[in-house]
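Q: Starting off with a structure, shown below.
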Amino acid sequence: MAILNIRTVGDPVLRTKAKEVQEITDKTRELLDNMAETMYAAPGVGLAAPQVGILQRIAVIDVEDEHGLIELINPVITEYSQEKNIVEEGCLSIPGKSAKVIRPARVTVKALNREGKEFELKAEGYLARAIQHELDHLDGILFTDKALAEE
Ligand code: NI
């Protein structure tokens, strides 16, 4: 495994829409392993492939809850709760910065696992937050785009 270089704000790769993974190969699985290792070393609770310069729709998340490490390939949010909440977010690509962001409190996400099998996950709390933050990265969106104005 290897620790990858995390791209930071100003790098155009963070603003580019990532492409769907067409075929899950050993290379994809190696990327997932390296992304997890990079996330844990940072340390962080989520990492999307564009953050390591790879424009594929892949993310890893571990918010230290009962789910443990979650690997998402071609993830899509299929349901958002009406209820929203405001939580302070940070990002490994924007070191030293945090801001409050309003997002739906719960989401359902569909994705492929490392074997190419589709799964569905209903998430709430910090996990729902992390999923939305990481999926935004796949579309070139950063949390600062959505940050509420400071009072
Ligand atoms: Ni981020």
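Letters A, B, ... go to the chains of the structure tokens in the order shown; residues in each chain start at 1; ligands are counted from 1 in the same order.
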Can you tell me which residues sit at most 9 Å away from ligand 1, counting only C-alpha atoms and all ligand atoms, written as a list in words?
A: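 Answer in the requested format: Gly46, Leu47, Ala48, Gln51, Glu89, Gly90, Cys91, Leu92, Ser93, Ile94, Ala130, His133, Glu134, Asp136, His137, Leu142 and Phe143 of chain A.
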Q: Could you write out that same residue set with N, CA, C and O atoms as a PDB file, in the first residue's frame?
A:
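The resulting file, part23.pdb, is shown below:
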```
ATOM      1  N   GLY A  46     -12.872  10.887   5.498  1.00  0.00           N
ATOM      2  CA  GLY A  46     -13.343  10.607   4.153  1.00  0.00           C
ATOM      3  C   GLY A  46     -12.342  11.123   3.130  1.00  0.00           C
ATOM      4  O   GLY A  46     -11.594  12.066   3.412  1.00  0.00           O
ATOM      5  N   LEU A  47     -12.337  10.456   1.984  1.00  0.00           N
ATOM      6  CA  LEU A  47     -11.433  10.882   0.903  1.00  0.00           C
ATOM      7  C   LEU A  47     -12.061  10.459  -0.422  1.00  0.00           C
ATOM      8  O   LEU A  47     -12.507   9.322  -0.569  1.00  0.00           O
ATOM      9  N   ALA A  48     -12.075  11.374  -1.370  1.00  0.00           N
ATOM     10  CA  ALA A  48     -12.605  11.083  -2.701  1.00  0.00           C
ATOM     11  C   ALA A  48     -11.440  11.051  -3.690  1.00  0.00           C
ATOM     12  O   ALA A  48     -10.442  11.758  -3.514  1.00  0.00           O
ATOM     13  N   GLN A  51      -9.354  13.947  -4.917  1.00  0.00           N
ATOM     14  CA  GLN A  51      -8.432  14.545  -3.937  1.00  0.00           C
ATOM     15  C   GLN A  51      -7.022  13.955  -4.026  1.00  0.00           C
ATOM     16  O   GLN A  51      -6.084  14.523  -3.480  1.00  0.00           O
ATOM     17  N   GLU A  89     -17.905  21.636   8.938  1.00  0.00           N
ATOM     18  CA  GLU A  89     -17.132  20.695   8.114  1.00  0.00           C
ATOM     19  C   GLU A  89     -15.725  21.206   7.864  1.00  0.00           C
ATOM     20  O   GLU A  89     -15.475  22.405   7.874  1.00  0.00           O
ATOM     21  N   GLY A  90     -14.852  20.264   7.619  1.00  0.00           N
ATOM     22  CA  GLY A  90     -13.502  20.567   7.168  1.00  0.00           C
ATOM     23  C   GLY A  90     -13.193  19.639   6.006  1.00  0.00           C
ATOM     24  O   GLY A  90     -14.027  18.810   5.634  1.00  0.00           O
ATOM     25  N   CYS A  91     -12.016  19.778   5.434  1.00  0.00           N
ATOM     26  CA  CYS A  91     -11.667  18.966   4.265  1.00  0.00           C
ATOM     27  C   CYS A  91     -10.152  18.838   4.179  1.00  0.00           C
ATOM     28  O   CYS A  91      -9.437  19.818   4.372  1.00  0.00           O
ATOM     29  N   LEU A  92      -9.686  17.639   3.885  1.00  0.00           N
ATOM     30  CA  LEU A  92      -8.237  17.419   3.779  1.00  0.00           C
ATOM     31  C   LEU A  92      -7.621  18.257   2.660  1.00  0.00           C
ATOM     32  O   LEU A  92      -6.425  18.530   2.684  1.00  0.00           O
ATOM     33  N   SER A  93      -8.442  18.670   1.702  1.00  0.00           N
ATOM     34  CA  SER A  93      -7.933  19.469   0.591  1.00  0.00           C
ATOM     35  C   SER A  93      -7.948  20.969   0.883  1.00  0.00           C
ATOM     36  O   SER A  93      -7.480  21.766   0.076  1.00  0.00           O
ATOM     37  N   ILE A  94      -8.538  21.328   2.033  1.00  0.00           N
ATOM     38  CA  ILE A  94      -8.572  22.743   2.423  1.00  0.00           C
ATOM     39  C   ILE A  94      -8.051  22.833   3.857  1.00  0.00           C
ATOM     40  O   ILE A  94      -8.817  23.057   4.797  1.00  0.00           O
ATOM     41  N   ALA A 130     -20.774  12.951   5.893  1.00  0.00           N
ATOM     42  CA  ALA A 130     -19.529  12.606   5.192  1.00  0.00           C
ATOM     43  C   ALA A 130     -19.823  12.118   3.767  1.00  0.00           C
ATOM     44  O   ALA A 130     -19.109  12.466   2.821  1.00  0.00           O
ATOM     45  N   HIS A 133     -20.549  15.111   1.591  1.00  0.00           N
ATOM     46  CA  HIS A 133     -19.317  15.887   1.372  1.00  0.00           C
ATOM     47  C   HIS A 133     -18.428  15.186   0.326  1.00  0.00           C
ATOM     48  O   HIS A 133     -17.945  15.828  -0.611  1.00  0.00           O
ATOM     49  N   GLU A 134     -18.242  13.874   0.484  1.00  0.00           N
ATOM     50  CA  GLU A 134     -17.359  13.145  -0.438  1.00  0.00           C
ATOM     51  C   GLU A 134     -17.955  13.069  -1.840  1.00  0.00           C
ATOM     52  O   GLU A 134     -17.235  13.193  -2.832  1.00  0.00           O
ATOM     53  N   ASP A 136     -19.866  15.226  -3.230  1.00  0.00           N
ATOM     54  CA  ASP A 136     -19.671  16.543  -3.844  1.00  0.00           C
ATOM     55  C   ASP A 136     -18.308  16.631  -4.537  1.00  0.00           C
ATOM     56  O   ASP A 136     -18.198  17.201  -5.625  1.00  0.00           O
ATOM     57  N   HIS A 137     -17.291  16.051  -3.902  1.00  0.00           N
ATOM     58  CA  HIS A 137     -15.950  16.069  -4.505  1.00  0.00           C
ATOM     59  C   HIS A 137     -15.962  15.439  -5.904  1.00  0.00           C
ATOM     60  O   HIS A 137     -15.193  15.849  -6.775  1.00  0.00           O
ATOM     61  N   LEU A 142     -16.724  21.836  -3.540  1.00  0.00           N
ATOM     62  CA  LEU A 142     -16.047  21.866  -2.232  1.00  0.00           C
ATOM     63  C   LEU A 142     -17.002  22.439  -1.185  1.00  0.00           C
ATOM     64  O   LEU A 142     -17.917  23.195  -1.508  1.00  0.00           O
ATOM     65  N   PHE A 143     -16.773  22.067   0.079  1.00  0.00           N
ATOM     66  CA  PHE A 143     -17.710  22.496   1.126  1.00  0.00           C
ATOM     67  C   PHE A 143     -17.779  24.015   1.245  1.00  0.00           C
ATOM     68  O   PHE A 143     -18.796  24.575   1.647  1.00  0.00           O
TER      69      PHE A 143
END
```
Q: Can you pull out every residue within 10 Å of Ile54 (chain A), counting only C-alpha atoms, but drop anything in the same chain fewer than 3 positions away, and send it as a short mmCIF file (atom, residue, chain, number, x, y, z; two decimals) with all heavy atoms, in the first residue's frame?
A:
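Saved to around-v7.cif:
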```cif
data_model
loop_
_atom_site.label_atom_id
_atom_site.label_comp_id
_atom_site.auth_asym_id
_atom_site.auth_seq_id
_atom_site.Cartn_x
_atom_site.Cartn_y
_atom_site.Cartn_z
N VAL A 13 -7.82 19.81 -10.50
CA VAL A 13 -8.41 18.48 -10.44
C VAL A 13 -9.58 18.44 -9.44
O VAL A 13 -10.54 17.68 -9.61
CB VAL A 13 -7.33 17.41 -10.11
CG1 VAL A 13 -6.96 17.40 -8.64
CG2 VAL A 13 -7.75 16.03 -10.57
N LEU A 14 -9.50 19.29 -8.43
CA LEU A 14 -10.57 19.34 -7.42
C LEU A 14 -11.85 19.96 -7.96
O LEU A 14 -12.90 19.86 -7.33
CB LEU A 14 -10.12 20.14 -6.19
CG LEU A 14 -8.98 19.52 -5.37
CD1 LEU A 14 -8.55 20.49 -4.28
CD2 LEU A 14 -9.42 18.19 -4.75
N ALA A 18 -15.65 13.95 -11.92
CA ALA A 18 -15.03 12.62 -12.07
C ALA A 18 -15.91 11.72 -12.94
O ALA A 18 -17.13 11.90 -13.01
CB ALA A 18 -14.81 12.00 -10.70
N LYS A 19 -15.27 10.75 -13.58
CA LYS A 19 -15.98 9.83 -14.47
C LYS A 19 -16.36 8.53 -13.76
O LYS A 19 -15.65 8.08 -12.86
CB LYS A 19 -15.07 9.48 -15.66
CG LYS A 19 -14.83 10.64 -16.59
CD LYS A 19 -14.40 10.12 -17.97
CE LYS A 19 -14.41 11.21 -19.01
NZ LYS A 19 -13.23 12.07 -18.93
N LEU A 31 -6.29 1.08 -5.67
CA LEU A 31 -6.58 2.49 -5.41
C LEU A 31 -7.38 2.64 -4.12
O LEU A 31 -7.09 3.51 -3.28
CB LEU A 31 -7.34 3.11 -6.60
CG LEU A 31 -7.84 4.54 -6.40
CD1 LEU A 31 -6.70 5.52 -6.18
CD2 LEU A 31 -8.68 4.98 -7.61
N ALA A 48 -12.08 11.37 -1.37
CA ALA A 48 -12.60 11.08 -2.70
C ALA A 48 -11.44 11.05 -3.69
O ALA A 48 -10.44 11.76 -3.51
CB ALA A 48 -13.61 12.17 -3.10
N ALA A 49 -11.57 10.23 -4.73
CA ALA A 49 -10.46 10.01 -5.66
C ALA A 49 -9.90 11.30 -6.28
O ALA A 49 -8.69 11.42 -6.42
CB ALA A 49 -10.88 9.01 -6.75
N PRO A 50 -10.75 12.29 -6.62
CA PRO A 50 -10.18 13.52 -7.17
C PRO A 50 -9.18 14.20 -6.21
O PRO A 50 -8.27 14.90 -6.66
CB PRO A 50 -11.40 14.41 -7.40
CG PRO A 50 -12.51 13.45 -7.62
CD PRO A 50 -12.22 12.30 -6.68
N GLN A 51 -9.35 13.95 -4.92
CA GLN A 51 -8.43 14.55 -3.94
C GLN A 51 -7.02 13.95 -4.03
O GLN A 51 -6.08 14.52 -3.48
CB GLN A 51 -8.96 14.35 -2.51
CG GLN A 51 -10.24 15.15 -2.23
CD GLN A 51 -10.68 14.95 -0.80
OE1 GLN A 51 -11.39 14.02 -0.49
NE2 GLN A 51 -10.23 15.83 0.08
N ARG A 57 -15.16 8.04 -10.05
CA ARG A 57 -16.19 8.21 -9.01
C ARG A 57 -16.00 7.13 -7.92
O ARG A 57 -16.69 6.11 -7.89
CB ARG A 57 -17.59 8.18 -9.64
CG ARG A 57 -17.75 9.30 -10.68
CD ARG A 57 -19.16 9.46 -11.18
NE ARG A 57 -20.01 10.19 -10.25
CZ ARG A 57 -20.02 11.51 -10.14
NH1 ARG A 57 -19.23 12.26 -10.88
NH2 ARG A 57 -20.82 12.09 -9.28
N ILE A 58 -15.05 7.43 -7.06
CA ILE A 58 -14.67 6.53 -5.96
C ILE A 58 -14.45 7.36 -4.72
O ILE A 58 -13.85 8.44 -4.78
CB ILE A 58 -13.36 5.77 -6.31
CG1 ILE A 58 -13.58 4.84 -7.51
CG2 ILE A 58 -12.85 5.00 -5.10
CD1 ILE A 58 -12.34 4.08 -7.95
N LEU A 138 -16.81 14.44 -6.10
CA LEU A 138 -16.86 13.75 -7.40
C LEU A 138 -17.43 14.66 -8.49
O LEU A 138 -17.27 14.39 -9.68
CB LEU A 138 -17.67 12.46 -7.29
CG LEU A 138 -17.20 11.47 -6.21
CD1 LEU A 138 -18.08 10.23 -6.22
CD2 LEU A 138 -15.74 11.10 -6.38
#
```
Q: Interatomic distance between CA of Asn34 (chain A) and CA of Arg129 (chain A)?
A: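 Rounded to one decimal, the two atoms are 22.7 Å apart.
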Q: Which residues come within 9 Å of Val109 (chain A), counting only C-alpha atoms, excluding same-chain residues fewer than 5 positions away, as a PDB file with N, CA, C and O atoms, in the first residue's frame?
A:
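Writing the result to part.pdb gives the following:
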```
ATOM      1  N   PRO A  75     -21.017   5.975  -6.606  1.00  0.00           N
ATOM      2  CA  PRO A  75     -22.123   6.197  -5.671  1.00  0.00           C
ATOM      3  C   PRO A  75     -23.136   7.221  -6.191  1.00  0.00           C
ATOM      4  O   PRO A  75     -22.760   8.169  -6.887  1.00  0.00           O
ATOM      5  N   VAL A  76     -24.393   6.970  -5.844  1.00  0.00           N
ATOM      6  CA  VAL A  76     -25.481   7.888  -6.187  1.00  0.00           C
ATOM      7  C   VAL A  76     -26.389   7.998  -4.966  1.00  0.00           C
ATOM      8  O   VAL A  76     -26.759   6.981  -4.379  1.00  0.00           O
ATOM      9  N   ILE A  77     -26.740   9.208  -4.608  1.00  0.00           N
ATOM     10  CA  ILE A  77     -27.688   9.396  -3.515  1.00  0.00           C
ATOM     11  C   ILE A  77     -29.090   9.299  -4.098  1.00  0.00           C
ATOM     12  O   ILE A  77     -29.437  10.035  -5.025  1.00  0.00           O
ATOM     13  N   THR A  78     -29.869   8.357  -3.592  1.00  0.00           N
ATOM     14  CA  THR A  78     -31.197   8.106  -4.154  1.00  0.00           C
ATOM     15  C   THR A  78     -32.304   8.734  -3.319  1.00  0.00           C
ATOM     16  O   THR A  78     -33.436   8.827  -3.770  1.00  0.00           O
ATOM     17  N   GLU A  79     -31.980   9.116  -2.104  1.00  0.00           N
ATOM     18  CA  GLU A  79     -32.994   9.713  -1.220  1.00  0.00           C
ATOM     19  C   GLU A  79     -32.344  10.687  -0.256  1.00  0.00           C
ATOM     20  O   GLU A  79     -31.298  10.373   0.323  1.00  0.00           O
ATOM     21  N   PHE A 119     -24.808  -2.159  -3.614  1.00  0.00           N
ATOM     22  CA  PHE A 119     -25.371  -2.175  -2.267  1.00  0.00           C
ATOM     23  C   PHE A 119     -26.017  -0.825  -1.980  1.00  0.00           C
ATOM     24  O   PHE A 119     -25.768   0.155  -2.678  1.00  0.00           O
ATOM     25  N   GLU A 120     -26.862  -0.829  -0.976  1.00  0.00           N
ATOM     26  CA  GLU A 120     -27.564   0.383  -0.576  1.00  0.00           C
ATOM     27  C   GLU A 120     -27.284   0.627   0.887  1.00  0.00           C
ATOM     28  O   GLU A 120     -27.221  -0.322   1.673  1.00  0.00           O
ATOM     29  N   LEU A 121     -27.111   1.871   1.241  1.00  0.00           N
ATOM     30  CA  LEU A 121     -26.802   2.224   2.620  1.00  0.00           C
ATOM     31  C   LEU A 121     -27.677   3.402   3.030  1.00  0.00           C
ATOM     32  O   LEU A 121     -27.735   4.407   2.318  1.00  0.00           O
ATOM     33  N   LYS A 122     -28.379   3.233   4.141  1.00  0.00           N
ATOM     34  CA  LYS A 122     -29.143   4.351   4.701  1.00  0.00           C
ATOM     35  C   LYS A 122     -28.292   4.962   5.801  1.00  0.00           C
ATOM     36  O   LYS A 122     -27.881   4.256   6.725  1.00  0.00           O
ATOM     37  N   ALA A 123     -28.024   6.236   5.676  1.00  0.00           N
ATOM     38  CA  ALA A 123     -27.100   6.863   6.618  1.00  0.00           C
ATOM     39  C   ALA A 123     -27.731   8.065   7.292  1.00  0.00           C
ATOM     40  O   ALA A 123     -28.549   8.776   6.708  1.00  0.00           O
ATOM     41  N   ILE A 131     -20.869  11.326   3.613  1.00  0.00           N
ATOM     42  CA  ILE A 131     -21.224  10.818   2.278  1.00  0.00           C
ATOM     43  C   ILE A 131     -21.508  11.988   1.335  1.00  0.00           C
ATOM     44  O   ILE A 131     -21.005  12.040   0.211  1.00  0.00           O
TER      45      ILE A 131
END
```
Q: Suppose you want the space between CA of Glu83 (chain A) and CA of Lys146 (chain A); what is it in Å?
A: 17.0 Å
Q: Which one of A:Gly96, A:Glu88, A:Glu23, A:Val63 sits closest to Glu124 (chain A) if you count only C-alpha atoms?
A: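 Of A:Gly96, A:Glu88, A:Glu23, A:Val63, the one nearest Glu124 (chain A), counting only C-alpha atoms, is A:Val63.
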Q: Tell me which of A:Lys84, A:Arg106, A:Lys27, A:Lys97 sits closest to Thr144 (chain A), counting only C-alpha atoms.
A: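 Of A:Lys84, A:Arg106, A:Lys27, A:Lys97, the one nearest Thr144 (chain A) is A:Lys97, counting only C-alpha atoms.
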Q: Measuring atom to atom with only C-alpha atoms, identify which of A:Leu112, A:Ile102, A:Leu55, A:Val107 is nearest to Asp145 (chain A).
A: A:Ile102
Q: Take CA of Val21 (chain A) and CA of Leu72 (chain A) and report the distance between them in Å, one decimal.
A: 10.8 Å
Q: Go through region 12-93 of chain A and collect every residue that DSSP, computed from the backbone, puts in helix (DSSP H, G or I); the answer should be as a PyMOL selection string.
A: chain A and resi 12-15+26-41+49-52
Q: Kindly indicate which residue among A:Ala59, A:Glu118, A:Val101, A:Tyr126 lies nearest to Arg29 (chain A), using only C-alpha atoms for the distances.
A: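 Of A:Ala59, A:Glu118, A:Val101, A:Tyr126, the one nearest Arg29 (chain A), counting only C-alpha atoms, is A:Ala59.
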Q: Please identify all polymer residues within 8 Å of Val45 (chain A), counting only C-alpha atoms, omitting same-chain residues fewer than 5 positions from it, and present them as a PDB file with all heavy atoms, in the first residue's frame.
A:
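Dumped to around.pdb:
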```pdb
ATOM      1  N   MET A  39      -6.236   8.239   3.838  1.00  0.00           N
ATOM      2  CA  MET A  39      -7.236   8.872   4.709  1.00  0.00           C
ATOM      3  C   MET A  39      -6.872   8.668   6.184  1.00  0.00           C
ATOM      4  O   MET A  39      -6.896   9.618   6.965  1.00  0.00           O
ATOM      5  CB  MET A  39      -8.615   8.276   4.425  1.00  0.00           C
ATOM      6  CG  MET A  39      -9.697   8.708   5.417  1.00  0.00           C
ATOM      7  SD  MET A  39     -11.286   7.915   5.068  1.00  0.00           S
ATOM      8  CE  MET A  39     -10.984   6.237   5.633  1.00  0.00           C
ATOM      9  N   TYR A  40      -6.528   7.433   6.551  1.00  0.00           N
ATOM     10  CA  TYR A  40      -6.219   7.155   7.961  1.00  0.00           C
ATOM     11  C   TYR A  40      -4.947   7.877   8.398  1.00  0.00           C
ATOM     12  O   TYR A  40      -4.838   8.326   9.537  1.00  0.00           O
ATOM     13  CB  TYR A  40      -6.068   5.648   8.197  1.00  0.00           C
ATOM     14  CG  TYR A  40      -7.376   4.883   8.124  1.00  0.00           C
ATOM     15  CD1 TYR A  40      -7.515   3.788   7.282  1.00  0.00           C
ATOM     16  CD2 TYR A  40      -8.467   5.258   8.915  1.00  0.00           C
ATOM     17  CE1 TYR A  40      -8.708   3.079   7.213  1.00  0.00           C
ATOM     18  CE2 TYR A  40      -9.666   4.553   8.848  1.00  0.00           C
ATOM     19  CZ  TYR A  40      -9.774   3.462   7.994  1.00  0.00           C
ATOM     20  OH  TYR A  40     -10.960   2.773   7.934  1.00  0.00           O
ATOM     21  N   ILE A  61     -14.785   6.247   3.192  1.00  0.00           N
ATOM     22  CA  ILE A  61     -15.275   6.969   4.367  1.00  0.00           C
ATOM     23  C   ILE A  61     -15.125   6.065   5.578  1.00  0.00           C
ATOM     24  O   ILE A  61     -15.394   4.854   5.492  1.00  0.00           O
ATOM     25  CB  ILE A  61     -16.775   7.337   4.187  1.00  0.00           C
ATOM     26  CG1 ILE A  61     -16.950   8.347   3.046  1.00  0.00           C
ATOM     27  CG2 ILE A  61     -17.368   7.882   5.487  1.00  0.00           C
ATOM     28  CD1 ILE A  61     -18.388   8.574   2.631  1.00  0.00           C
ATOM     29  N   ASP A  62     -14.691   6.642   6.682  1.00  0.00           N
ATOM     30  CA  ASP A  62     -14.737   5.930   7.963  1.00  0.00           C
ATOM     31  C   ASP A  62     -14.934   6.970   9.056  1.00  0.00           C
ATOM     32  O   ASP A  62     -14.002   7.677   9.427  1.00  0.00           O
ATOM     33  CB  ASP A  62     -13.450   5.131   8.200  1.00  0.00           C
ATOM     34  CG  ASP A  62     -13.569   4.233   9.435  1.00  0.00           C
ATOM     35  OD1 ASP A  62     -14.466   4.469  10.268  1.00  0.00           O
ATOM     36  OD2 ASP A  62     -12.754   3.300   9.567  1.00  0.00           O
ATOM     37  N   VAL A  63     -16.167   7.068   9.537  1.00  0.00           N
ATOM     38  CA  VAL A  63     -16.460   8.047  10.584  1.00  0.00           C
ATOM     39  C   VAL A  63     -16.379   7.404  11.970  1.00  0.00           C
ATOM     40  O   VAL A  63     -16.910   7.934  12.941  1.00  0.00           O
ATOM     41  CB  VAL A  63     -17.820   8.758  10.373  1.00  0.00           C
ATOM     42  CG1 VAL A  63     -17.829   9.543   9.065  1.00  0.00           C
ATOM     43  CG2 VAL A  63     -18.978   7.773  10.416  1.00  0.00           C
ATOM     44  N   GLU A  64     -15.733   6.259  12.020  1.00  0.00           N
ATOM     45  CA  GLU A  64     -15.511   5.553  13.290  1.00  0.00           C
ATOM     46  C   GLU A  64     -16.830   5.209  13.968  1.00  0.00           C
ATOM     47  O   GLU A  64     -16.980   5.364  15.174  1.00  0.00           O
ATOM     48  CB  GLU A  64     -14.596   6.380  14.211  1.00  0.00           C
ATOM     49  CG  GLU A  64     -13.206   6.559  13.594  1.00  0.00           C
ATOM     50  CD  GLU A  64     -12.277   7.432  14.432  1.00  0.00           C
ATOM     51  OE1 GLU A  64     -12.789   8.185  15.274  1.00  0.00           O
ATOM     52  OE2 GLU A  64     -11.052   7.343  14.243  1.00  0.00           O
ATOM     53  N   ALA A 130     -20.774  12.951   5.893  1.00  0.00           N
ATOM     54  CA  ALA A 130     -19.529  12.606   5.192  1.00  0.00           C
ATOM     55  C   ALA A 130     -19.823  12.118   3.767  1.00  0.00           C
ATOM     56  O   ALA A 130     -19.109  12.466   2.821  1.00  0.00           O
ATOM     57  CB  ALA A 130     -18.768  11.542   5.973  1.00  0.00           C
TER      58      ALA A 130
END
```
Q: Just asking: which residues within region 49-142 of chain A are strand (DSSP E) according to DSSP, as JSON, numbers by chain?
A: {"A": [58, 59, 60, 61, 70, 71, 72, 73, 74, 75, 76, 77, 78, 79, 80, 84, 85, 86, 87, 88, 89, 90, 98, 99, 100, 101, 102, 103, 104, 106, 107, 108, 109, 110, 111, 112, 118, 119, 120, 121, 122, 123, 124]}
Q: Mind checking which residues fall within 9 Å of Arg114 (chain A), counting only C-alpha atoms, ignoring those fewer than 4 positions away in the same chain, and posting them as number ranges by chain?
A: A: 24-25, 28-29, 32, 71-73
